[in-house]
Amino acid sequence: MPVARSLRSRGAMNENDENGPVTRMTRAKAALSTEGPTDAIKKPAQAKRSTATGGAQRPRAALGDVSNVNKTEAAEIKGAKKTATSKAGLTSKATKQTAGIQKLSQTNSSRTGVDKAEQQEPPRKKEKIEPEEKKIEVEQAKSQKLKDDVVEPVQQEAGLSEDVADLDTEDLDDPLMAAEYVVEIFDYLRDLEQTTLPNPQYIEHQPDLEWKMRGILVDWLIEVHTRFRLLPETLFLAVNIIDRFLSVEVVALDRLQLVGVTAMFIASKYEEVLSPHVANFSHVADETFTDKEILDAERHVLATLEYNMSFPNPMNFLRRISKADNYDIQTRTLGKYLMEISLLDHRFMSYPQSHIAAAAMYLARLILDRGPWDATLAHYAGYDEKEIDPVFRLMIDYLHRPVSHEAFFKKYASKKFLKASILTRQWAKKYHKLYIDSSDSEPYTFIKDGEQ
């Protein structure tokens with residue numbers, strides 16, 4: 001009897017609710033239960049097999065209707081003799097029925113109608129394509145007209161001569177380059193850098209400080225900047241904040257490092273996407289200053305500078321000149337190294353950042369033998385060779401002297417920066433006599449006298 005109950009439940013699960021054989025099967029099982037255990041097991045099993053076979057035919061007939069199979073052919077498939085006692089029989093039936101559908105789909109009369117419809121579609125597609133092509137031509141004509149309307153004002157504002165190549169017109173299609181306003185932007189930056197210049201003689205009203213101490217502080221900040229992997233703009237802004245603050249406020253020697261850490265903290269907030277936490281700056285200072293002291297110093301420095309962080313970074317001018325240099329990676333790497341010399345040497349403090357960037361690119365091209373300083377480079381740099389000469393000579397004077405700022409030298413001695421510090425120093429030792437006279441050069445106090 002346990003076998004009969006399991007078969008009954010399986011038969012009910014395999015049939016729909018509206019089918020009647022479920023009730024008849026249950027009554028038959030109840031009637032046969034008195035005949036003996038052998039008949040009770042055999043007869044329901046046969047009814048189960050016939051039910052399973054009928055249940056397997058119904059979804060196949062429905063599938064045949066969906067697949068455009070004729071009713072006569074579906075009936076023939078249903079009437080085919082198959083063994084329903086094994087799963088292999090059901091599998092072979094499905095395989096054969098599927099194969100019949102694939103065969104019928106190749107010769108079906110409805111397929112002929114579809115083929116005729118597909119043959120008639122290309123003319124309709126052509127009718128849709130022709131207006132689209134006309135629209136594209138109209139849009140191209142409009143864009144070309146707008147481009148021509150923009151190119152002429154850009155060229156007029158730039159005041160380009162015949163010897164100067166127009167490098168901004170090719171960027172008109174790139175909105176990130178702001179080619180329509182690039183001339184006005186750099187004119188504004190050149191006006192702004194005059195207002196952000198620090199006092200080049202502020203050390204005179206600092207009784208506890210000397211230029212040598214400032215060099216030590218900046219060299220340490222370069223090491224911190226490298227450890228935190230910050231942007232170049234952050235370093236230049238931090239040193240500018242220090243010089244502008246020291247131009248106004250008198251600072252004791254034991255608070256000079258606090259000014260440097262605070263300036264780097266402010267600059268990283270202004271330039272970085274994710275600036276280091278104040279605790280990180282306290283840690284690199286060997287816990288000399290607490291987090292509260294750095295935050296209090298931050299408020300004091302910002303209030304002294306009137307929250308004016310509009311510093312025209314020399315990296316912007318370097319990229320502008322590098323565009324005229326065809327974005328040569330070696331020249332620009334050397335130019336970055338030469339620009340950072342101005343952070344360590346106080347003699348560069350009286351020159352604007354655009355002037356320092358132009359001199360750095362000029363010297364980098366001279367060291368790498370990249371050709372003369374032509375009209376295009378002079379135009380996009382904003383300085384000709386005669387104007388660059390004084391800053392250019394200061395850079396060569398720094399390079400041929402003994403190495404005094406070790407962190408700065410080691411930073412650019414790595415392969416990442418193409419060993420710029422080693423290359424430029426070797427060149428300066430060999431050719432500095434052609435450009436400067438050591439006896440007439442301005443004296444400069446260095447931290448160490450060791451040759452490297």
# chains A, B, ... in the order shown; residues from 1 in each chain; ligands from 1
$ residues_around --residues "A:Thr234" --least-positions-apart "2" --cutoff "9 Å" --atoms "only C-alpha atoms" --output "PyMOL selection string"
chain A and resi 225+230-232+236-239+264+266-272
$ select_by_dssp --residues "stretch 194-365 of chain A" --states "alpha helix (DSSP H)" --output "PDB file with C-alpha atoms, in the first residue's frame"
ATOM      1  CA  GLN A 194      51.923  90.057  -9.694  1.00  0.00           C
ATOM      2  CA  THR A 195      49.556  90.303  -6.722  1.00  0.00           C
ATOM      3  CA  TRP A 211      67.591  82.170   4.128  1.00  0.00           C
ATOM      4  CA  LYS A 212      69.482  78.988   4.972  1.00  0.00           C
ATOM      5  CA  MET A 213      66.746  77.964   7.433  1.00  0.00           C
ATOM      6  CA  ARG A 214      64.114  78.535   4.794  1.00  0.00           C
ATOM      7  CA  GLY A 215      66.046  76.237   2.432  1.00  0.00           C
ATOM      8  CA  ILE A 216      66.163  73.509   5.086  1.00  0.00           C
ATOM      9  CA  LEU A 217      62.416  73.806   5.657  1.00  0.00           C
ATOM     10  CA  VAL A 218      61.549  73.608   1.937  1.00  0.00           C
ATOM     11  CA  ASP A 219      63.880  70.649   1.413  1.00  0.00           C
ATOM     12  CA  TRP A 220      62.096  68.820   4.247  1.00  0.00           C
ATOM     13  CA  LEU A 221      58.700  69.701   2.773  1.00  0.00           C
ATOM     14  CA  ILE A 222      59.803  68.197  -0.559  1.00  0.00           C
ATOM     15  CA  GLU A 223      60.516  64.958   1.298  1.00  0.00           C
ATOM     16  CA  VAL A 224      57.084  65.064   2.974  1.00  0.00           C
ATOM     17  CA  HIS A 225      55.468  65.866  -0.370  1.00  0.00           C
ATOM     18  CA  THR A 226      57.142  62.827  -1.942  1.00  0.00           C
ATOM     19  CA  ARG A 227      56.147  60.546   0.937  1.00  0.00           C
ATOM     20  CA  PHE A 228      52.478  61.526   0.633  1.00  0.00           C
ATOM     21  CA  PRO A 232      53.252  69.147  -7.971  1.00  0.00           C
ATOM     22  CA  GLU A 233      50.766  72.019  -7.647  1.00  0.00           C
ATOM     23  CA  THR A 234      50.464  71.304  -3.918  1.00  0.00           C
ATOM     24  CA  LEU A 235      54.172  71.837  -3.327  1.00  0.00           C
ATOM     25  CA  PHE A 236      54.337  75.148  -5.207  1.00  0.00           C
ATOM     26  CA  LEU A 237      51.251  76.486  -3.438  1.00  0.00           C
ATOM     27  CA  ALA A 238      52.587  75.440  -0.019  1.00  0.00           C
ATOM     28  CA  VAL A 239      55.872  77.323  -0.506  1.00  0.00           C
ATOM     29  CA  ASN A 240      53.998  80.376  -1.773  1.00  0.00           C
ATOM     30  CA  ILE A 241      51.812  80.326   1.363  1.00  0.00           C
ATOM     31  CA  ILE A 242      54.927  80.176   3.548  1.00  0.00           C
ATOM     32  CA  ASP A 243      56.606  83.121   1.798  1.00  0.00           C
ATOM     33  CA  ARG A 244      53.471  85.260   1.766  1.00  0.00           C
ATOM     34  CA  PHE A 245      52.833  84.562   5.444  1.00  0.00           C
ATOM     35  CA  LEU A 246      56.433  85.303   6.448  1.00  0.00           C
ATOM     36  CA  LEU A 256      58.972  77.801  11.552  1.00  0.00           C
ATOM     37  CA  GLN A 257      58.323  74.075  11.073  1.00  0.00           C
ATOM     38  CA  LEU A 258      54.739  74.564  12.257  1.00  0.00           C
ATOM     39  CA  VAL A 259      54.275  77.188   9.527  1.00  0.00           C
ATOM     40  CA  GLY A 260      55.638  74.752   6.940  1.00  0.00           C
ATOM     41  CA  VAL A 261      53.428  71.844   8.042  1.00  0.00           C
ATOM     42  CA  THR A 262      50.369  74.082   8.156  1.00  0.00           C
ATOM     43  CA  ALA A 263      51.077  75.482   4.684  1.00  0.00           C
ATOM     44  CA  MET A 264      51.349  71.974   3.247  1.00  0.00           C
ATOM     45  CA  PHE A 265      48.131  70.993   5.027  1.00  0.00           C
ATOM     46  CA  ILE A 266      46.275  73.970   3.540  1.00  0.00           C
ATOM     47  CA  ALA A 267      47.709  73.425   0.050  1.00  0.00           C
ATOM     48  CA  SER A 268      46.730  69.749   0.054  1.00  0.00           C
ATOM     49  CA  LYS A 269      43.171  70.684   0.976  1.00  0.00           C
ATOM     50  CA  TYR A 270      43.082  73.156  -1.897  1.00  0.00           C
ATOM     51  CA  GLU A 271      44.726  71.054  -4.635  1.00  0.00           C
ATOM     52  CA  VAL A 278      45.904  66.379  10.037  1.00  0.00           C
ATOM     53  CA  ALA A 279      47.183  63.494  12.182  1.00  0.00           C
ATOM     54  CA  ASN A 280      49.441  62.439   9.303  1.00  0.00           C
ATOM     55  CA  PHE A 281      51.103  65.854   9.237  1.00  0.00           C
ATOM     56  CA  SER A 282      51.516  65.714  13.003  1.00  0.00           C
ATOM     57  CA  HIS A 283      53.153  62.316  12.642  1.00  0.00           C
ATOM     58  CA  VAL A 284      55.693  63.389   9.973  1.00  0.00           C
ATOM     59  CA  ASP A 291      46.542  68.250  15.879  1.00  0.00           C
ATOM     60  CA  LYS A 292      44.985  71.196  17.692  1.00  0.00           C
ATOM     61  CA  GLU A 293      48.094  73.336  17.198  1.00  0.00           C
ATOM     62  CA  ILE A 294      48.095  72.637  13.445  1.00  0.00           C
ATOM     63  CA  LEU A 295      44.386  73.463  13.149  1.00  0.00           C
ATOM     64  CA  ASP A 296      44.806  76.679  15.135  1.00  0.00           C
ATOM     65  CA  ALA A 297      47.764  77.620  12.946  1.00  0.00           C
ATOM     66  CA  GLU A 298      45.663  76.877   9.846  1.00  0.00           C
ATOM     67  CA  ARG A 299      43.013  79.387  10.904  1.00  0.00           C
ATOM     68  CA  HIS A 300      45.658  82.001  11.696  1.00  0.00           C
ATOM     69  CA  VAL A 301      47.484  81.596   8.366  1.00  0.00           C
ATOM     70  CA  LEU A 302      44.277  81.740   6.330  1.00  0.00           C
ATOM     71  CA  ALA A 303      43.091  84.832   8.197  1.00  0.00           C
ATOM     72  CA  THR A 304      46.465  86.522   7.600  1.00  0.00           C
ATOM     73  CA  PRO A 314      53.878  77.527 -12.576  1.00  0.00           C
ATOM     74  CA  MET A 315      52.726  74.058 -13.652  1.00  0.00           C
ATOM     75  CA  ASN A 316      49.983  75.743 -15.688  1.00  0.00           C
ATOM     76  CA  PHE A 317      52.540  77.827 -17.576  1.00  0.00           C
ATOM     77  CA  LEU A 318      54.824  74.815 -18.022  1.00  0.00           C
ATOM     78  CA  ARG A 319      52.035  72.832 -19.684  1.00  0.00           C
ATOM     79  CA  ARG A 320      51.228  75.777 -21.922  1.00  0.00           C
ATOM     80  CA  ILE A 321      54.828  75.965 -23.146  1.00  0.00           C
ATOM     81  CA  SER A 322      55.060  72.179 -23.402  1.00  0.00           C
ATOM     82  CA  LYS A 323      52.218  72.280 -25.893  1.00  0.00           C
ATOM     83  CA  ALA A 324      54.438  74.318 -28.225  1.00  0.00           C
ATOM     84  CA  ILE A 329      58.173  64.085 -21.902  1.00  0.00           C
ATOM     85  CA  GLN A 330      61.911  64.440 -21.324  1.00  0.00           C
ATOM     86  CA  THR A 331      61.879  68.200 -21.743  1.00  0.00           C
ATOM     87  CA  ARG A 332      58.942  68.608 -19.420  1.00  0.00           C
ATOM     88  CA  THR A 333      60.482  66.359 -16.739  1.00  0.00           C
ATOM     89  CA  LEU A 334      63.680  68.396 -16.745  1.00  0.00           C
ATOM     90  CA  GLY A 335      61.577  71.544 -16.727  1.00  0.00           C
ATOM     91  CA  LYS A 336      59.764  70.421 -13.575  1.00  0.00           C
ATOM     92  CA  TYR A 337      63.060  69.792 -11.836  1.00  0.00           C
ATOM     93  CA  LEU A 338      64.437  73.187 -12.835  1.00  0.00           C
ATOM     94  CA  MET A 339      61.251  74.920 -11.682  1.00  0.00           C
ATOM     95  CA  GLU A 340      61.532  73.386  -8.215  1.00  0.00           C
ATOM     96  CA  ILE A 341      64.953  74.982  -7.884  1.00  0.00           C
ATOM     97  CA  SER A 342      63.089  78.269  -7.495  1.00  0.00           C
ATOM     98  CA  LEU A 343      61.439  76.887  -4.337  1.00  0.00           C
ATOM     99  CA  LEU A 344      64.772  76.283  -2.611  1.00  0.00           C
ATOM    100  CA  GLN A 353      55.999  82.064 -11.958  1.00  0.00           C
ATOM    101  CA  SER A 354      55.496  82.389 -15.707  1.00  0.00           C
ATOM    102  CA  HIS A 355      59.031  83.751 -16.034  1.00  0.00           C
ATOM    103  CA  ILE A 356      60.466  80.812 -14.056  1.00  0.00           C
ATOM    104  CA  ALA A 357      58.511  78.279 -16.151  1.00  0.00           C
ATOM    105  CA  ALA A 358      59.780  79.844 -19.391  1.00  0.00           C
ATOM    106  CA  ALA A 359      63.403  79.767 -18.170  1.00  0.00           C
ATOM    107  CA  ALA A 360      63.032  76.140 -17.030  1.00  0.00           C
ATOM    108  CA  MET A 361      61.791  75.020 -20.439  1.00  0.00           C
ATOM    109  CA  TYR A 362      64.455  77.053 -22.195  1.00  0.00           C
ATOM    110  CA  LEU A 363      67.256  75.428 -20.179  1.00  0.00           C
ATOM    111  CA  ALA A 364      65.721  71.950 -20.508  1.00  0.00           C
ATOM    112  CA  ARG A 365      65.626  72.284 -24.294  1.00  0.00           C
TER     113      ARG A 365
END
$ atom_distance --atom1 "atom CA of A:Arg370" --atom2 "atom CA of A:Glu193"
28.9 Å
